[in-house]
$ cat my_file.pdb   # PDB, C-alpha atoms
MODEL        1
ATOM      1  CA  MET X  14      80.095 112.205 109.142
ATOM      2  CA  ARG X  15      82.595 114.978 108.702
ATOM      3  CA  LEU X  16      83.272 114.592 104.956
ATOM      4  CA  ALA X  17      80.376 115.275 102.596
ATOM      5  CA  VAL X  18      82.044 113.338  99.754
ATOM      6  CA  LEU X  19      81.403 110.120 101.706
ATOM      7  CA  ASP X  20      77.687 110.945 101.796
ATOM      8  CA  ARG X  21      77.215 112.389  98.329
ATOM      9  CA  GLY X  22      80.374 111.968  96.258
ATOM     10  CA  HIS X  23      79.914 108.432  94.938
ATOM     11  CA  ARG X  24      79.868 107.295  91.328
ATOM     12  CA  PRO X  25      76.334 106.868  89.911
ATOM     13  CA  LYS X  26      76.230 103.064  90.283
ATOM     14  CA  ALA X  27      77.267 103.330  93.939
ATOM     15  CA  GLN X  28      74.751 106.149  94.510
ATOM     16  CA  VAL X  29      71.960 103.942  93.177
ATOM     17  CA  PHE X  30      73.083 101.051  95.381
ATOM     18  CA  LEU X  31      73.269 103.242  98.511
ATOM     19  CA  TRP X  32      69.848 104.746  97.799
ATOM     20  CA  LEU X  33      68.317 101.297  97.306
ATOM     21  CA  ALA X  34      70.015  99.912 100.417
ATOM     22  CA  GLY X  35      68.692 102.786 102.528
ATOM     23  CA  THR X  36      65.198 102.668 101.058
ATOM     24  CA  LEU X  37      64.679  98.903 100.969
ATOM     25  CA  GLY X  38      66.406  98.348 104.304
ATOM     26  CA  ARG X  39      64.387 101.206 105.889
ATOM     27  CA  SER X  40      67.474 101.923 107.941
ATOM     28  CA  GLN X  41      70.680 103.913 107.941
ATOM     29  CA  VAL X  42      73.350 102.718 105.511
ATOM     30  CA  ASP X  43      76.588 101.771 107.277
ATOM     31  CA  ASP X  44      79.156 104.596 107.058
ATOM     32  CA  VAL X  45      81.915 102.015 106.520
ATOM     33  CA  VAL X  46      80.042 100.780 103.436
ATOM     34  CA  LYS X  47      79.774 104.377 102.193
ATOM     35  CA  LEU X  48      83.521 104.768 102.739
ATOM     36  CA  ALA X  49      84.274 101.470 100.980
ATOM     37  CA  LEU X  50      82.268 102.444  97.892
ATOM     38  CA  TYR X  51      83.867 105.895  97.554
ATOM     39  CA  ARG X  52      86.988 105.711  95.333
ATOM     40  CA  PRO X  53      87.087 101.930  96.004
ATOM     41  CA  GLU X  54      90.546 101.500  94.472
ATOM     42  CA  LEU X  55      91.977 103.751  97.184
ATOM     43  CA  PHE X  56      90.615 101.847 100.193
ATOM     44  CA  GLY X  57      87.359  99.920  99.819
ATOM     45  CA  ALA X  58      88.425  97.121  97.491
ATOM     46  CA  PRO X  59      91.561  96.059  99.384
ATOM     47  CA  PHE X  60      89.945  96.724 102.782
ATOM     48  CA  ILE X  61      86.843  94.614 102.097
ATOM     49  CA  ALA X  62      89.088  91.829 100.742
ATOM     50  CA  LEU X  63      91.119  91.994 103.974
ATOM     51  CA  VAL X  64      87.994  91.921 106.155
ATOM     52  CA  ARG X  65      86.580  88.944 104.241
ATOM     53  CA  GLU X  66      89.867  87.083 104.634
ATOM     54  CA  VAL X  67      90.549  87.939 108.270
ATOM     55  CA  MET X  68      87.004  87.788 109.676
ATOM     56  CA  ARG X  69      85.482  84.951 107.647
ATOM     57  CA  GLY X  70      88.383  83.067 106.015
ATOM     58  CA  PRO X  71      89.818  79.803 107.390
ATOM     59  CA  SER X  72      91.133  80.287 110.945
ATOM     60  CA  PRO X  73      91.561  78.422 114.242
ATOM     61  CA  TRP X  74      89.162  81.063 115.664
ATOM     62  CA  THR X  75      85.438  80.920 114.926
ATOM     63  CA  PRO X  76      83.876  83.959 113.259
ATOM     64  CA  GLY X  77      82.201  84.721 116.618
ATOM     65  CA  GLU X  78      85.537  84.736 118.431
ATOM     66  CA  ARG X  79      87.031  87.015 115.765
ATOM     67  CA  GLU X  80      84.066  89.385 116.165
ATOM     68  CA  LEU X  81      84.760  89.366 119.899
ATOM     69  CA  PHE X  82      88.371  90.419 119.254
ATOM     70  CA  GLY X  83      87.167  93.132 116.874
ATOM     71  CA  ALA X  84      84.665  94.453 119.404
ATOM     72  CA  PHE X  85      87.353  94.349 122.103
ATOM     73  CA  VAL X  86      89.872  96.371 120.058
ATOM     74  CA  SER X  87      87.084  98.828 119.174
ATOM     75  CA  ARG X  88      86.405  99.355 122.896
ATOM     76  CA  LEU X  89      90.119  99.966 123.514
ATOM     77  CA  ASN X  90      90.176 102.552 120.736
ATOM     78  CA  GLY X  91      87.066 104.275 122.062
ATOM     79  CA  CYS X  92      85.211 103.541 118.824
ATOM     80  CA  ARG X  93      81.535 103.382 119.746
ATOM     81  CA  TYR X  94      80.513 103.061 116.106
ATOM     82  CA  CYS X  95      82.428  99.799 115.521
ATOM     83  CA  SER X  96      82.013  98.356 119.015
ATOM     84  CA  ALA X  97      78.204  98.624 118.801
ATOM     85  CA  VAL X  98      78.154  96.635 115.564
ATOM     86  CA  HIS X  99      80.757  94.015 116.350
ATOM     87  CA  THR X 100      79.571  93.361 119.908
ATOM     88  CA  GLU X 101      76.174  92.606 118.382
ATOM     89  CA  ILE X 102      77.618  90.339 115.670
ATOM     90  CA  ALA X 103      79.588  88.499 118.393
ATOM     91  CA  ASN X 104      76.297  88.133 120.261
ATOM     92  CA  LEU X 105      74.616  86.660 117.212
ATOM     93  CA  ARG X 106      77.495  84.254 116.599
ATOM     94  CA  LEU X 107      78.485  83.060 120.082
ATOM     95  CA  ASP X 108      76.608  80.611 122.309
ATOM     96  CA  HIS X 109      77.052  82.907 125.284
ATOM     97  CA  GLY X 110      76.105  86.519 124.706
ATOM     98  CA  VAL X 111      78.539  89.341 125.337
ATOM     99  CA  THR X 112      78.041  92.931 126.482
ATOM    100  CA  ALA X 113      80.137  96.067 126.248
ATOM    101  CA  THR X 114      80.414  96.009 130.055
ATOM    102  CA  GLN X 115      81.972  92.544 129.938
ATOM    103  CA  LEU X 116      84.444  93.686 127.291
ATOM    104  CA  ASP X 117      85.464  96.669 129.418
ATOM    105  CA  ASP X 118      85.867  94.442 132.518
ATOM    106  CA  TRP X 119      87.320  91.559 130.503
ATOM    107  CA  ARG X 120      89.677  90.270 133.192
ATOM    108  CA  ASN X 121      86.745  89.500 135.513
ATOM    109  CA  ALA X 122      84.039  88.731 132.968
ATOM    110  CA  GLY X 123      84.395  84.945 132.855
ATOM    111  CA  PHE X 124      85.739  84.609 129.304
ATOM    112  CA  GLU X 125      87.580  81.363 128.475
ATOM    113  CA  PRO X 126      91.266  81.514 129.493
ATOM    114  CA  ARG X 127      92.489  81.439 125.866
ATOM    115  CA  ILE X 128      90.193  84.390 125.045
ATOM    116  CA  THR X 129      91.386  86.345 128.090
ATOM    117  CA  ALA X 130      95.016  85.584 127.204
ATOM    118  CA  THR X 131      94.436  86.824 123.651
ATOM    119  CA  PHE X 132      92.693  89.981 124.924
ATOM    120  CA  GLU X 133      95.763  90.661 127.046
ATOM    121  CA  LEU X 134      98.049  90.558 123.987
ATOM    122  CA  LEU X 135      95.678  92.595 121.814
ATOM    123  CA  GLU X 136      95.390  95.242 124.521
ATOM    124  CA  LYS X 137      99.157  95.663 124.702
ATOM    125  CA  VAL X 138      99.569  95.622 120.924
ATOM    126  CA  THR X 139      96.846  98.267 120.554
ATOM    127  CA  LEU X 140      97.678 100.599 123.451
ATOM    128  CA  ALA X 141     101.414 100.072 124.045
ATOM    129  CA  PRO X 142     102.909  98.451 120.924
ATOM    130  CA  SER X 143     106.491  99.445 121.762
ATOM    131  CA  GLU X 144     106.275  97.366 124.971
ATOM    132  CA  VAL X 145     105.265  94.089 123.301
ATOM    133  CA  GLY X 146     107.896  91.378 123.726
ATOM    134  CA  PRO X 147     108.444  87.616 123.416
ATOM    135  CA  ASP X 148     107.058  87.036 126.944
ATOM    136  CA  ASP X 149     103.677  88.359 125.836
ATOM    137  CA  ILE X 150     103.576  85.786 123.040
ATOM    138  CA  ASP X 151     104.790  82.963 125.309
ATOM    139  CA  ARG X 152     101.830  83.539 127.637
ATOM    140  CA  LEU X 153      99.483  82.654 124.765
ATOM    141  CA  ARG X 154     101.567  79.656 123.749
ATOM    142  CA  ALA X 155     101.377  78.444 127.371
ATOM    143  CA  HIS X 156      97.592  78.337 126.969
ATOM    144  CA  GLY X 157      98.034  76.042 123.968
ATOM    145  CA  ILE X 158      97.270  78.791 121.470
ATOM    146  CA  GLU X 159      99.057  77.930 118.224
ATOM    147  CA  ASP X 160     101.149  80.489 116.373
ATOM    148  CA  ASP X 161      98.708  80.519 113.443
ATOM    149  CA  ALA X 162      95.957  81.543 115.862
ATOM    150  CA  ILE X 163      98.131  84.311 117.326
ATOM    151  CA  VAL X 164      98.882  85.613 113.825
ATOM    152  CA  ASP X 165      95.165  85.591 112.994
ATOM    153  CA  ALA X 166      94.240  87.495 116.170
ATOM    154  CA  LEU X 167      96.926  90.099 115.370
ATOM    155  CA  HIS X 168      95.367  90.564 111.933
ATOM    156  CA  VAL X 169      91.917  91.101 113.453
ATOM    157  CA  ALA X 170      93.535  93.775 115.635
ATOM    158  CA  PHE X 171      95.184  95.310 112.556
ATOM    159  CA  THR X 172      91.842  95.502 110.756
ATOM    160  CA  PHE X 173      90.129  97.230 113.665
ATOM    161  CA  ASN X 174      93.073  99.501 114.414
ATOM    162  CA  VAL X 175      92.598 100.787 110.867
ATOM    163  CA  VAL X 176      88.829 101.165 110.792
ATOM    164  CA  ASN X 177      88.394 102.426 114.382
ATOM    165  CA  ARG X 178      90.726 105.340 113.642
ATOM    166  CA  ILE X 179      88.890 106.255 110.463
ATOM    167  CA  ALA X 180      85.467 106.000 112.148
ATOM    168  CA  ASN X 181      86.622 108.178 115.057
ATOM    169  CA  ALA X 182      88.395 110.726 112.852
ATOM    170  CA  LEU X 183      85.453 111.153 110.482
ATOM    171  CA  ASP X 184      82.777 110.790 113.190
ATOM    172  CA  PHE X 185      80.921 107.765 111.896
ATOM    173  CA  THR X 186      77.686 107.682 113.909
ATOM    174  CA  TRP X 187      74.595 105.514 114.169
ATOM    175  CA  ASN X 188      71.446 107.649 114.286
ATOM    176  CA  THR X 189      69.924 105.291 116.845
ATOM    177  CA  ASP X 190      70.946 102.140 118.720
ATOM    178  CA  ALA X 191      68.385 100.290 116.613
ATOM    179  CA  ASP X 192      70.207 101.337 113.433
ATOM    180  CA  ALA X 193      73.427  99.832 114.808
ATOM    181  CA  LEU X 194      71.660  96.533 115.513
ATOM    182  CA  VAL X 195      70.156  96.447 112.014
ATOM    183  CA  GLY X 196      73.573  97.262 110.571
ATOM    184  CA  ALA X 197      75.087  94.380 112.555
ATOM    185  CA  ARG X 198      72.469  91.922 111.340
ATOM    186  CA  VAL X 199      72.995  92.984 107.723
ATOM    187  CA  LEU X 200      76.784  92.593 107.952
ATOM    188  CA  ASN X 201      76.393  89.241 109.682
ATOM    189  CA  ARG X 202      74.021  88.007 106.981
ATOM    190  CA  ILE X 203      76.078  89.156 104.001
ATOM    191  CA  GLY X 204      79.362  88.121 105.645
ATOM    192  CA  TYR X 205      81.075  91.375 104.567
ATOM    193  CA  ARG X 206      80.406  90.665 100.881
ATOM    194  CA  LEU X 207      79.760  93.745  98.769
ATOM    195  CA  PRO X 208      78.844  93.502  95.082
ATOM    196  CA  GLY X 209      82.085  93.238  93.120
ATOM    197  CA  PHE X 210      81.001  95.662  90.373
ATOM    198  CA  LEU X 211      80.748  98.416  92.999
ATOM    199  CA  LEU X 212      84.323  97.839  94.177
ATOM    200  CA  GLY X 213      85.927  97.506  90.727
TER     201      GLY X 213
ATOM    202  CA  MET L  27      98.544  79.280 100.481
ATOM    203  CA  ARG L  28      98.255  79.104 104.278
ATOM    204  CA  PRO L  29      95.959  81.627 105.992
ATOM    205  CA  PRO L  30      98.823  83.666 107.527
ATOM    206  CA  ASP L  31     100.307  84.142 104.035
ATOM    207  CA  ARG L  32      96.911  85.157 102.646
ATOM    208  CA  HIS L  33      96.537  87.616 105.514
ATOM    209  CA  ARG L  34      99.921  89.116 104.743
ATOM    210  CA  ARG L  35      99.072  89.491 101.088
ATOM    211  CA  ALA L  36      95.752  91.204 101.948
ATOM    212  CA  VAL L  37      97.521  93.614 104.330
ATOM    213  CA  ASP L  38     100.198  94.353 101.703
ATOM    214  CA  ARG L  39      97.541  95.182  99.111
ATOM    215  CA  LEU L  40      95.764  97.572 101.480
ATOM    216  CA  CYS L  41      99.030  99.273 102.431
ATOM    217  CA  ARG L  42     100.027  99.653  98.783
ATOM    218  CA  ALA L  43      96.661 101.146  97.821
ATOM    219  CA  VAL L  44      96.555 103.623 100.707
ATOM    220  CA  LEU L  45     100.225 104.487 101.195
ATOM    221  CA  VAL L  46     101.610 104.635  97.639
ATOM    222  CA  GLY L  47     102.056 108.285  96.759
ATOM    223  CA  SER L  48     101.260 109.396 100.305
ATOM    224  CA  ASP L  49     104.237 111.615 100.990
ATOM    225  CA  PRO L  50     104.961 113.011 104.443
ATOM    226  CA  VAL L  51     102.532 115.879 105.035
ATOM    227  CA  ASP L  52     103.131 119.368 106.399
ATOM    228  CA  GLU L  53     100.996 121.255 108.908
ATOM    229  CA  PRO L  54      98.089 121.480 109.292
ATOM    230  CA  LEU L  55      97.586 117.967 107.853
ATOM    231  CA  ALA L  56     100.482 116.643 109.947
ATOM    232  CA  GLY L  57      98.497 117.530 113.067
ATOM    233  CA  LEU L  58      95.499 115.618 111.805
ATOM    234  CA  ALA L  59      97.646 112.605 110.914
ATOM    235  CA  ALA L  60      99.242 112.584 114.374
ATOM    236  CA  LYS L  61      95.834 112.613 116.069
ATOM    237  CA  VAL L  62      94.594 109.797 113.818
ATOM    238  CA  ARG L  63      97.622 107.706 114.749
ATOM    239  CA  GLU L  64      97.683 108.477 118.472
ATOM    240  CA  ASP L  65      94.072 109.057 119.558
ATOM    241  CA  ALA L  66      91.513 109.675 116.849
ATOM    242  CA  THR L  67      88.779 110.293 119.458
ATOM    243  CA  ARG L  68      90.430 113.706 120.041
ATOM    244  CA  ILE L  69      89.572 114.900 116.527
ATOM    245  CA  THR L  70      86.680 117.354 116.548
ATOM    246  CA  ASP L  71      84.275 118.798 114.000
ATOM    247  CA  ALA L  72      86.201 122.068 114.348
ATOM    248  CA  ASP L  73      89.489 120.374 113.353
ATOM    249  CA  VAL L  74      88.037 119.168 110.066
ATOM    250  CA  VAL L  75      86.090 122.378 109.416
ATOM    251  CA  ALA L  76      89.320 124.371 109.864
ATOM    252  CA  LEU L  77      91.211 122.172 107.389
ATOM    253  CA  LEU L  78      88.495 122.530 104.766
ATOM    254  CA  ALA L  79      88.118 126.273 105.390
ATOM    255  CA  GLY L  80      91.865 126.572 104.829
ATOM    256  CA  GLY L  81      91.364 125.377 101.286
ATOM    257  CA  LEU L  82      92.127 121.670 101.586
ATOM    258  CA  ALA L  83      89.959 119.325  99.533
ATOM    259  CA  GLU L  84      87.874 116.710 101.327
ATOM    260  CA  ASP L  85      89.669 114.059  99.262
ATOM    261  CA  ARG L  86      93.011 115.206 100.649
ATOM    262  CA  VAL L  87      91.717 115.029 104.244
ATOM    263  CA  LEU L  88      90.399 111.540 103.518
ATOM    264  CA  GLU L  89      93.677 110.343 101.975
ATOM    265  CA  VAL L  90      95.719 111.602 104.926
ATOM    266  CA  THR L  91      93.290 110.023 107.405
ATOM    267  CA  LEU L  92      93.448 106.656 105.637
ATOM    268  CA  ALA L  93      97.252 106.733 105.403
ATOM    269  CA  ALA L  94      97.648 107.607 109.095
ATOM    270  CA  ALA L  95      95.195 104.888 110.177
ATOM    271  CA  VAL L  96      96.940 102.213 108.105
ATOM    272  CA  THR L  97     100.358 103.357 109.335
ATOM    273  CA  ALA L  98      99.331 103.171 113.008
ATOM    274  CA  ALA L  99      97.766  99.746 112.542
ATOM    275  CA  SER L 100     100.880  98.495 110.692
ATOM    276  CA  VAL L 101     103.105  99.554 113.605
ATOM    277  CA  ARG L 102     100.902  97.476 115.929
ATOM    278  CA  LEU L 103     100.847  94.438 113.661
ATOM    279  CA  ALA L 104     104.630  94.608 113.260
ATOM    280  CA  ALA L 105     105.063  94.819 117.045
ATOM    281  CA  GLY L 106     103.057  91.634 117.549
ATOM    282  CA  LEU L 107     104.605  89.664 114.691
ATOM    283  CA  GLY L 108     108.094  90.866 115.662
ATOM    284  CA  ALA L 109     107.636  89.599 119.225
ATOM    285  CA  MET L 110     106.616  86.187 117.840
ATOM    286  CA  HIS L 111     109.828  85.885 115.834
ATOM    287  CA  ALA L 112     112.003  87.304 118.599
ATOM    288  CA  GLY L 113     110.798  84.590 120.984
ATOM    289  CA  LYS L 114     111.674  81.729 118.668
ATOM    290  CA  PRO L 115     115.037  79.946 118.597
ATOM    291  CA  ASP L 116     116.911  81.002 115.494
ATOM    292  CA  VAL L 117     116.569  78.135 113.057
ATOM    293  CA  GLY L 118     117.482  80.102 109.950
ATOM    294  CA  PRO L 119     120.794  79.843 108.077
ATOM    295  CA  ASP L 120     123.736  81.570 109.781
TER     296      ASP L 120
ENDMDL
END
$ encode --input "my_file.pdb" --output "structure tokens"
Amino acid sequence: MRLAVLDRGHRPKAQVFLWLAGTLGRSQVDDVVKLALYRPELFGAPFIALVREVMRGPSPWTPGERELFGAFVSRLNGCRYCSAVHTEIANLRLDHGVTATQLDDWRNAGFEPRITATFELLEKVTLAPSEVGPDDIDRLRAHGIEDDAIVDALHVAFTFNVVNRIANALDFTWNTDADALVGARVLNRIGYRLPGFLLG
Amino acid sequence: MRPPDRHRRAVDRLCRAVLVGSDPVDEPLAGLAAKVREDATRITDADVVALLAGGLAEDRVLEVTLAAAVTAASVRLAAGLGAMHAGKPDVGPD
């Protein structure tokens, strides 16, 4: 963490919450949670609302599939912090497990065709946005992917294109791999809900 | 409200919160913002230490980082949504 305010600059009620979460959970508190609770009106409140909506709201994609897209975009952006967590949540949510290696070799990893087709669009949107054209969208439509589903996948990519950049810029880091897995299980259990009084 | 409309509203709220009042920045913050947008993995401890040593507040570094991240993500979302509309026959009023 490169900014001390995100470790120690919180309002008293958020400080108490972070201390309790670290002590009772006997694990590292997620740096994204620390970010969200610091000056929540600036970022945390609208960002958590977006994450709740995009990752767990109504969608043609299951939460597990959306986690897969989030983990995939995180790999593209070189964000180890987010990819560790969201690959694990995808694992917890999907019938077939997924590994970082499969995400990096996604064309040959045996994903369903509609997932592979969506990865292809999200890769181009993330790495070469100026080259995205109608043909890229038509390839998804040809797989029977409805426009609402395409819009939803683009919003998952938006969410991770935001948070991956912040995590990389500010050097969000898990102390150990085990901390990342605990963090993933916590997020999966709470479904990205944070107490409203901490975000208000 | 259909999910795509709810998504749009949630994105708009985030953009308003982060981008309102975020004027274009001069060096050295412009360099940080460019790295955040283009490849945030290139940012080093030394980059941030230098900004803070130069007298910038941590809050300012945070605000610029958030604004650059949201801007870069918005460009990508717009590229995808724009391609969806571009591929559709024009059914709107002439």
$ atom_distance --input "my_file.pdb" --atom1 "CA of Val96 in chain L" --atom2 "CA of Leu134 in chain X"
19.7 Å
$ residues_around --input "my_file.pdb" --residues "range 190-206 of chain X" --least-positions-apart "6" --cutoff "7 Å" --atoms "all atoms listed in the file" --output "ChimeraX atom specification"
/X:40-41,43,65,97-99,101-102
$ resolve_selection --input "my_file.pdb" --expression "the PyMOL selection byres ((chain X) within 8 of (chain L))" --output "MDAnalysis selection string"
chainID X and resid 15:18 54:56 59:60 62:63 66:67 70:72 90:92 138:139 142:143 145:151 161 164:165 167:168 170:172 174:176 178:179 181:182
$ closest_residue --input "my_file.pdb" --among "X:Ile158, X:Leu116, X:Ala166, X:Ala130" --to "Arg88 in chain X" --atoms "only C-alpha atoms"
X:Leu116
$ closest_residue --input "my_file.pdb" --among "X:Thr131, X:Asn177, X:Asn188, X:Ser96" --to "Asp160 in chain X" --atoms "only C-alpha atoms"
X:Thr131
$ atom_distance --input "my_file.pdb" --atom1 "CA of Asp184 in chain X" --atom2 "CA of Lys47 in chain X"
13.1 Å
